[in-house]
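*Asks:* structure_30.pdb (PDB, C-alpha atoms) pasted underneath:
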MODEL        1
ATOM      1  CA  MET B   1     118.053  11.145 104.135
ATOM      2  CA  ASN B   2     118.100   8.495 106.783
ATOM      3  CA  PRO B   3     119.920   9.676 109.931
ATOM      4  CA  THR B   4     121.786   6.386 110.152
ATOM      5  CA  THR B   5     123.306   6.515 106.648
ATOM      6  CA  GLU B   6     126.906   7.175 105.707
ATOM      7  CA  ASN B   7     126.050  10.909 105.633
ATOM      8  CA  SER B   8     125.955  10.886 109.426
ATOM      9  CA  VAL B   9     128.936  11.759 111.551
ATOM     10  CA  THR B  10     129.308  10.366 115.056
ATOM     11  CA  ILE B  11     131.032  12.455 117.717
ATOM     12  CA  GLY B  12     131.166  11.088 121.248
ATOM     13  CA  GLY B  13     128.377   8.640 120.441
ATOM     14  CA  ALA B  14     126.003  11.353 119.121
ATOM     15  CA  THR B  15     124.911  11.078 115.507
ATOM     16  CA  LEU B  16     125.047  14.439 113.773
ATOM     17  CA  GLY B  17     122.562  13.211 111.163
ATOM     18  CA  TRP B  18     119.830  13.769 113.763
ATOM     19  CA  VAL B  19     121.172  17.215 114.567
ATOM     20  CA  ARG B  20     121.112  18.110 110.875
ATOM     21  CA  LEU B  21     117.509  16.886 110.605
ATOM     22  CA  LEU B  22     116.434  18.912 113.636
ATOM     23  CA  VAL B  23     118.125  22.060 112.305
ATOM     24  CA  ARG B  24     116.355  21.600 108.964
ATOM     25  CA  GLN B  25     113.000  20.914 110.626
ATOM     26  CA  LEU B  26     113.239  23.892 112.983
ATOM     27  CA  ARG B  27     114.185  26.119 110.022
ATOM     28  CA  LEU B  28     116.834  27.979 111.972
ATOM     29  CA  TYR B  29     117.738  29.979 108.856
ATOM     30  CA  GLN B  30     114.380  31.745 109.278
ATOM     31  CA  TRP B  31     115.604  33.154 112.590
ATOM     32  CA  ALA B  32     117.607  35.767 110.647
ATOM     33  CA  LYS B  33     114.389  37.803 110.435
ATOM     34  CA  ASN B  34     114.557  38.242 114.200
ATOM     35  CA  ALA B  35     117.678  40.354 113.732
ATOM     36  CA  LEU B  36     115.254  43.228 113.172
ATOM     37  CA  LEU B  37     114.904  43.311 116.965
ATOM     38  CA  PHE B  38     118.367  44.843 117.132
ATOM     39  CA  ILE B  39     117.600  47.816 114.867
ATOM     40  CA  PRO B  40     116.272  49.962 117.738
ATOM     41  CA  LEU B  41     119.632  49.530 119.531
ATOM     42  CA  LEU B  42     121.384  50.869 116.483
ATOM     43  CA  ALA B  43     118.881  53.664 115.852
ATOM     44  CA  ALA B  44     118.989  54.795 119.494
ATOM     45  CA  HIS B  45     122.806  54.710 119.533
ATOM     46  CA  ARG B  46     122.661  52.226 122.431
ATOM     47  CA  LEU B  47     124.921  49.506 121.000
ATOM     48  CA  GLY B  48     127.095  49.680 124.123
ATOM     49  CA  ASP B  49     124.230  48.990 126.549
ATOM     50  CA  ARG B  50     124.750  45.407 127.771
ATOM     51  CA  SER B  51     121.370  45.147 129.493
ATOM     52  CA  LEU B  52     119.587  45.999 126.241
ATOM     53  CA  TRP B  53     121.719  43.465 124.368
ATOM     54  CA  VAL B  54     120.735  40.768 126.874
ATOM     55  CA  ARG B  55     117.036  41.656 126.606
ATOM     56  CA  ASN B  56     117.196  41.693 122.806
ATOM     57  CA  LEU B  57     119.089  38.423 122.687
ATOM     58  CA  LEU B  58     116.462  36.779 124.900
ATOM     59  CA  ALA B  59     113.714  38.178 122.677
ATOM     60  CA  PHE B  60     115.605  36.950 119.577
ATOM     61  CA  LEU B  61     115.869  33.418 120.972
ATOM     62  CA  SER B  62     112.280  33.452 122.220
ATOM     63  CA  PHE B  63     110.851  34.552 118.880
ATOM     64  CA  GLY B  64     112.931  31.890 117.169
ATOM     65  CA  LEU B  65     111.728  29.113 119.474
ATOM     66  CA  VAL B  66     108.085  30.060 119.024
ATOM     67  CA  ALA B  67     108.473  30.405 115.250
ATOM     68  CA  SER B  68     110.153  26.995 115.040
ATOM     69  CA  SER B  69     107.364  25.459 117.126
ATOM     70  CA  VAL B  70     104.766  26.930 114.768
ATOM     71  CA  TYR B  71     106.672  25.609 111.725
ATOM     72  CA  VAL B  72     106.704  22.124 113.237
ATOM     73  CA  LEU B  73     103.035  22.319 114.215
ATOM     74  CA  ASN B  74     102.144  23.433 110.694
ATOM     75  CA  ASP B  75     104.193  20.633 109.136
ATOM     76  CA  LEU B  76     102.495  18.077 111.375
ATOM     77  CA  SER B  77      99.030  19.382 110.507
ATOM     78  CA  GLU B  78      99.754  19.275 106.762
ATOM     79  CA  LEU B  79     101.861  16.128 106.686
ATOM     80  CA  GLU B  80      99.933  14.272 103.977
ATOM     81  CA  ALA B  81      99.675  17.313 101.677
ATOM     82  CA  ASP B  82     103.387  18.059 102.176
ATOM     83  CA  ARG B  83     104.256  14.485 101.161
ATOM     84  CA  ARG B  84     102.593  15.104  97.783
ATOM     85  CA  HIS B  85     104.112  18.574  97.303
ATOM     86  CA  PRO B  86     107.058  18.768  94.857
ATOM     87  CA  ARG B  87     109.335  20.694  97.279
ATOM     88  CA  LYS B  88     107.850  20.207 100.735
ATOM     89  CA  ARG B  89     108.109  16.416 100.434
ATOM     90  CA  PHE B  90     111.819  16.722 101.180
ATOM     91  CA  ARG B  91     111.269  18.277 104.606
ATOM     92  CA  PRO B  92     112.322  15.968 107.442
ATOM     93  CA  LEU B  93     108.798  15.193 108.700
ATOM     94  CA  ALA B  94     107.199  14.851 105.268
ATOM     95  CA  SER B  95     109.983  12.594 103.997
ATOM     96  CA  GLY B  96     109.757  10.389 107.078
ATOM     97  CA  ASP B  97     113.401  11.006 107.978
ATOM     98  CA  LEU B  98     112.228  12.585 111.227
ATOM     99  CA  PRO B  99     109.446  10.631 112.981
ATOM    100  CA  ALA B 100     106.178  12.484 113.623
ATOM    101  CA  ALA B 101     106.549  11.631 117.329
ATOM    102  CA  VAL B 102     109.746  13.709 117.429
ATOM    103  CA  GLY B 103     107.916  16.583 115.740
ATOM    104  CA  LYS B 104     105.113  16.365 118.307
ATOM    105  CA  ALA B 105     107.705  16.525 121.088
ATOM    106  CA  LEU B 106     109.423  19.574 119.563
ATOM    107  CA  VAL B 107     106.356  21.846 119.766
ATOM    108  CA  PRO B 108     106.029  22.010 123.567
ATOM    109  CA  VAL B 109     109.813  22.030 123.967
ATOM    110  CA  GLY B 110     110.022  25.236 121.900
ATOM    111  CA  VAL B 111     107.179  26.914 123.755
ATOM    112  CA  ASP B 112     108.541  25.840 127.143
ATOM    113  CA  GLY B 113     111.996  27.096 126.168
ATOM    114  CA  ARG B 114     110.456  30.471 125.357
ATOM    115  CA  LEU B 115     108.777  30.565 128.761
ATOM    116  CA  LYS B 116     112.031  29.765 130.510
ATOM    117  CA  LEU B 117     113.903  32.460 128.579
ATOM    118  CA  VAL B 118     111.595  35.402 129.208
ATOM    119  CA  GLY B 119     109.751  34.141 132.244
ATOM    120  CA  ARG B 120     106.135  33.379 132.853
ATOM    121  CA  ARG B 121     105.167  36.883 133.930
ATOM    122  CA  ARG B 122     102.666  38.905 131.988
ATOM    123  CA  SER B 123     104.147  41.298 129.530
ATOM    124  CA  GLY B 124     103.516  42.820 126.160
ATOM    125  CA  MET B 125     105.928  40.233 124.752
ATOM    126  CA  SER B 126     103.730  37.405 126.064
ATOM    127  CA  VAL B 127     100.758  38.838 124.180
ATOM    128  CA  VAL B 128     102.824  38.950 120.985
ATOM    129  CA  PHE B 129     103.888  35.308 121.432
ATOM    130  CA  LEU B 130     100.345  34.184 122.224
ATOM    131  CA  HIS B 131      99.025  35.957 119.133
ATOM    132  CA  GLY B 132     101.784  34.488 116.965
ATOM    133  CA  GLY B 133     101.253  31.003 118.351
ATOM    134  CA  LEU B 134      97.532  31.122 117.755
ATOM    135  CA  ASN B 135      97.652  32.717 114.322
ATOM    136  CA  GLY B 136     101.063  31.709 112.991
ATOM    137  CA  GLY B 137      99.987  28.309 111.756
ATOM    138  CA  ARG B 138      96.930  29.516 109.873
ATOM    139  CA  LYS B 139      97.012  29.758 106.122
ATOM    140  CA  GLN B 140      95.881  32.953 104.472
ATOM    141  CA  ARG B 141      93.046  32.203 102.102
TER     142      ARG B 141
ENDMDL
END
Using the file provided, produce a representation of the structure as structure tokens.

*Replies:*
Amino acid sequence: MNPTTENSVTIGGATLGWVRLLVRQLRLYQWAKNALLFIPLLAAHRLGDRSLWVRNLLAFLSFGLVASSVYVLNDLSELEADRRHPRKRFRPLASGDLPAAVGKALVPVGVDGRLKLVGRRRSGMSVVFLHGGLNGGRKQR
């Protein structure tokens, strides 16, 4: 899919074809897994606690941004193999619909967004993100 084809919709000068490509590349549907972060609120009968909702929402968004950055990094590192793969060749980077330069720009944007959401202070959450960022892109052999 070329973002400038008739499949694109323009609203206020912005082409939604690019938005669709970014959503596909960032694999936002995978963020549903992060909903598990809300189970402790339910189990502790704290669904009415706004401060916990805010903290969980920030964690949800942060996990999603880091996961998306790792997906992009992985796709960039395996670009040639993905182009030969029967299913992966349709991903935005592998198909060439999304330029590799855009993918390279998305990785630090996701990590920086995570830092802005939960802050740069040391916390247990930072260790989890660091571990996920370092190990998330590795294939299990």

*Asks:* Measuring atom to atom with only C-alpha atoms, identify which of B:Asn56, B:Leu65, B:Gln30, B:Val111 is nearest to Leu42 of chain B.

*Replies:* B:Asn56

*Asks:* When the PyMOL selection byres ((chain B and resi 93) around 9) is applied to the file above, which residues end up in the set, as a list in words?

*Replies:*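 This file gives the following for the PyMOL selection byres ((chain B and resi 93) around 9): Gln25, Val72, Asp75, Leu76, Leu79, Asp82, Arg83, Arg89, Phe90, Arg91, Pro92, Ala94, Ser95, Gly96, Asp97, Leu98, Pro99, Ala100, Val102 and Gly103 of chain B.
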
*Asks:* Using atom CA of Ser68 of chain B and atom CA of Ser51 of chain B as the two end points, give the distance in Å to one decimal.

*Replies:*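 Pair atom CA of Ser68 of chain B / atom CA of Ser51 of chain B returns 25.8 Å.
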
*Asks:* From the set B:Arg87, B:Arg55, B:Arg20, B:Arg50, which residue has the shortest atom-to-atom contact distance to Leu37 of chain B, counting all atoms listed in the file?

*Replies:* B:Arg55

*Asks:* Just how far from atom CA of Phe38 of chain B is atom CA of Phe60 of chain B, in Å to one decimal?

*Replies:*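 These atoms are spaced 8.7 Å apart.
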
*Asks:* Using only C-alpha atoms, which of the listed residues (B:Trp31, B:Leu73, B:Leu41, B:Gly64) sits closest to Gly113 of chain B?

*Replies:*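 Under the stated criterion, the closest residue is B:Gly64.
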
*Asks:* May I ask for the distance between atom CA of Leu106 of chain B and atom CA of Ser77 of chain B, given in Å to one decimal place?

*Replies:* 13.8 Å

*Asks:* As a ChimeraX atom specification, please: the residues near Arg114 of chain B (cut-off 8 Å, only C-alpha atoms, same-chain neighbours under 2 positions excluded).

*Replies:* /B:61-63,65-66,110-112,116-119

*Asks:* Nearest residue to Val109 of chain B out of B:Ala35, B:Leu57, B:Ala44, B:Leu26, using all atoms listed in the file?

*Replies:*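 Closest residue, counting all atoms listed in the file: B:Leu26.
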
*Asks:* Please put the answer as JSON: centre and edge lengths, in Å with one decimal, of a box along x, y and z that encloses all listed atoms of segment 45-51 of chain B plus 8 Å on each side.

*Replies:*
{"center_x": 124.2, "center_y": 49.9, "center_z": 124.5, "size_x": 21.7, "size_y": 25.6, "size_z": 26.0}

*Asks:* Closest to Leu36 of chain B among B:Val70, B:Ala59, B:Gly17, B:Asp49, using only C-alpha atoms?

*Replies:*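 Checking each of B:Val70, B:Ala59, B:Gly17, B:Asp49 against Leu36 of chain B, counting only C-alpha atoms, the winner is B:Ala59.
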
*Asks:* I need the residue nearest Arg27 of chain B from this list: B:Ala81, B:Val107, B:Ala67, B:Ala101. Use only C-alpha atoms for the distance.

*Replies:*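 Result for the nearest residue to Arg27 of chain B: B:Ala67.
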
*Asks:* Limit the output to C-alpha atoms and give segment 40-113 of chain B as a PDB file, in the first residue's frame.

*Replies:*
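part.pdb was written with the following content:
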ATOM      1  CA  PRO B  40      -4.640  -5.751  40.501  1.00  0.00           C
ATOM      2  CA  LEU B  41      -7.091  -2.810  40.679  1.00  0.00           C
ATOM      3  CA  LEU B  42      -9.945  -5.213  40.193  1.00  0.00           C
ATOM      4  CA  ALA B  43      -8.566  -7.860  42.552  1.00  0.00           C
ATOM      5  CA  ALA B  44      -7.901  -5.293  45.295  1.00  0.00           C
ATOM      6  CA  HIS B  45     -11.376  -3.768  44.878  1.00  0.00           C
ATOM      7  CA  ARG B  46      -9.741  -0.395  44.142  1.00  0.00           C
ATOM      8  CA  LEU B  47     -11.519   0.430  40.869  1.00  0.00           C
ATOM      9  CA  GLY B  48     -12.653   3.759  42.332  1.00  0.00           C
ATOM     10  CA  ASP B  49      -9.128   4.952  43.185  1.00  0.00           C
ATOM     11  CA  ARG B  50      -8.304   7.660  40.617  1.00  0.00           C
ATOM     12  CA  SER B  51      -4.626   7.898  41.550  1.00  0.00           C
ATOM     13  CA  LEU B  52      -4.160   4.181  40.878  1.00  0.00           C
ATOM     14  CA  TRP B  53      -5.998   4.514  37.564  1.00  0.00           C
ATOM     15  CA  VAL B  54      -3.650   7.334  36.533  1.00  0.00           C
ATOM     16  CA  ARG B  55      -0.562   5.328  37.526  1.00  0.00           C
ATOM     17  CA  ASN B  56      -1.827   2.243  35.695  1.00  0.00           C
ATOM     18  CA  LEU B  57      -2.739   4.239  32.617  1.00  0.00           C
ATOM     19  CA  LEU B  58       0.755   5.749  32.515  1.00  0.00           C
ATOM     20  CA  ALA B  59       2.264   2.281  32.910  1.00  0.00           C
ATOM     21  CA  PHE B  60      -0.055   0.965  30.157  1.00  0.00           C
ATOM     22  CA  LEU B  61       1.042   3.695  27.742  1.00  0.00           C
ATOM     23  CA  SER B  62       4.696   3.339  28.719  1.00  0.00           C
ATOM     24  CA  PHE B  63       4.745  -0.419  28.187  1.00  0.00           C
ATOM     25  CA  GLY B  64       3.036   0.082  24.844  1.00  0.00           C
ATOM     26  CA  LEU B  65       5.548   2.686  23.667  1.00  0.00           C
ATOM     27  CA  VAL B  66       8.515   0.527  24.618  1.00  0.00           C
ATOM     28  CA  ALA B  67       6.966  -2.578  23.045  1.00  0.00           C
ATOM     29  CA  SER B  68       6.261  -0.680  19.822  1.00  0.00           C
ATOM     30  CA  SER B  69       9.839   0.617  19.767  1.00  0.00           C
ATOM     31  CA  VAL B  70      11.151  -2.934  20.145  1.00  0.00           C
ATOM     32  CA  TYR B  71       8.860  -4.158  17.336  1.00  0.00           C
ATOM     33  CA  VAL B  72      10.192  -1.440  15.041  1.00  0.00           C
ATOM     34  CA  LEU B  73      13.798  -2.117  16.036  1.00  0.00           C
ATOM     35  CA  ASN B  74      13.296  -5.825  15.376  1.00  0.00           C
ATOM     36  CA  ASP B  75      11.697  -5.151  11.991  1.00  0.00           C
ATOM     37  CA  LEU B  76      14.586  -2.884  11.021  1.00  0.00           C
ATOM     38  CA  SER B  77      17.174  -5.468  12.062  1.00  0.00           C
ATOM     39  CA  GLU B  78      15.444  -8.232  10.079  1.00  0.00           C
ATOM     40  CA  LEU B  79      14.315  -6.171   7.109  1.00  0.00           C
ATOM     41  CA  GLU B  80      15.787  -8.361   4.362  1.00  0.00           C
ATOM     42  CA  ALA B  81      14.551 -11.628   5.910  1.00  0.00           C
ATOM     43  CA  ASP B  82      11.087 -10.112   6.448  1.00  0.00           C
ATOM     44  CA  ARG B  83      10.934  -9.118   2.767  1.00  0.00           C
ATOM     45  CA  ARG B  84      11.315 -12.795   1.820  1.00  0.00           C
ATOM     46  CA  HIS B  85       8.862 -14.066   4.456  1.00  0.00           C
ATOM     47  CA  PRO B  86       5.389 -15.037   3.156  1.00  0.00           C
ATOM     48  CA  ARG B  87       3.494 -12.980   5.790  1.00  0.00           C
ATOM     49  CA  LYS B  88       5.996 -10.496   7.188  1.00  0.00           C
ATOM     50  CA  ARG B  89       6.671  -9.056   3.724  1.00  0.00           C
ATOM     51  CA  PHE B  90       3.398  -7.152   4.000  1.00  0.00           C
ATOM     52  CA  ARG B  91       4.492  -5.193   7.069  1.00  0.00           C
ATOM     53  CA  PRO B  92       4.961  -1.486   6.342  1.00  0.00           C
ATOM     54  CA  LEU B  93       8.773  -1.471   6.616  1.00  0.00           C
ATOM     55  CA  ALA B  94       9.331  -4.765   4.802  1.00  0.00           C
ATOM     56  CA  SER B  95       6.997  -3.803   1.959  1.00  0.00           C
ATOM     57  CA  GLY B  96       8.685  -0.427   1.563  1.00  0.00           C
ATOM     58  CA  ASP B  97       5.435   1.447   2.190  1.00  0.00           C
ATOM     59  CA  LEU B  98       7.044   3.013   5.253  1.00  0.00           C
ATOM     60  CA  PRO B  99      10.630   4.215   4.673  1.00  0.00           C
ATOM     61  CA  ALA B 100      13.332   2.719   6.905  1.00  0.00           C
ATOM     62  CA  ALA B 101      14.298   6.271   7.931  1.00  0.00           C
ATOM     63  CA  VAL B 102      10.840   6.703   9.481  1.00  0.00           C
ATOM     64  CA  GLY B 103      11.270   3.408  11.330  1.00  0.00           C
ATOM     65  CA  LYS B 104      14.654   4.543  12.656  1.00  0.00           C
ATOM     66  CA  ALA B 105      13.040   7.757  13.900  1.00  0.00           C
ATOM     67  CA  LEU B 106      10.211   5.878  15.644  1.00  0.00           C
ATOM     68  CA  VAL B 107      12.490   3.922  18.007  1.00  0.00           C
ATOM     69  CA  PRO B 108      13.857   6.859  20.030  1.00  0.00           C
ATOM     70  CA  VAL B 109      10.489   8.625  19.882  1.00  0.00           C
ATOM     71  CA  GLY B 110       8.847   5.658  21.641  1.00  0.00           C
ATOM     72  CA  VAL B 111      11.560   5.397  24.272  1.00  0.00           C
ATOM     73  CA  ASP B 112      11.579   9.158  24.856  1.00  0.00           C
ATOM     74  CA  GLY B 113       7.787   9.147  25.145  1.00  0.00           C
TER      75      GLY B 113
END
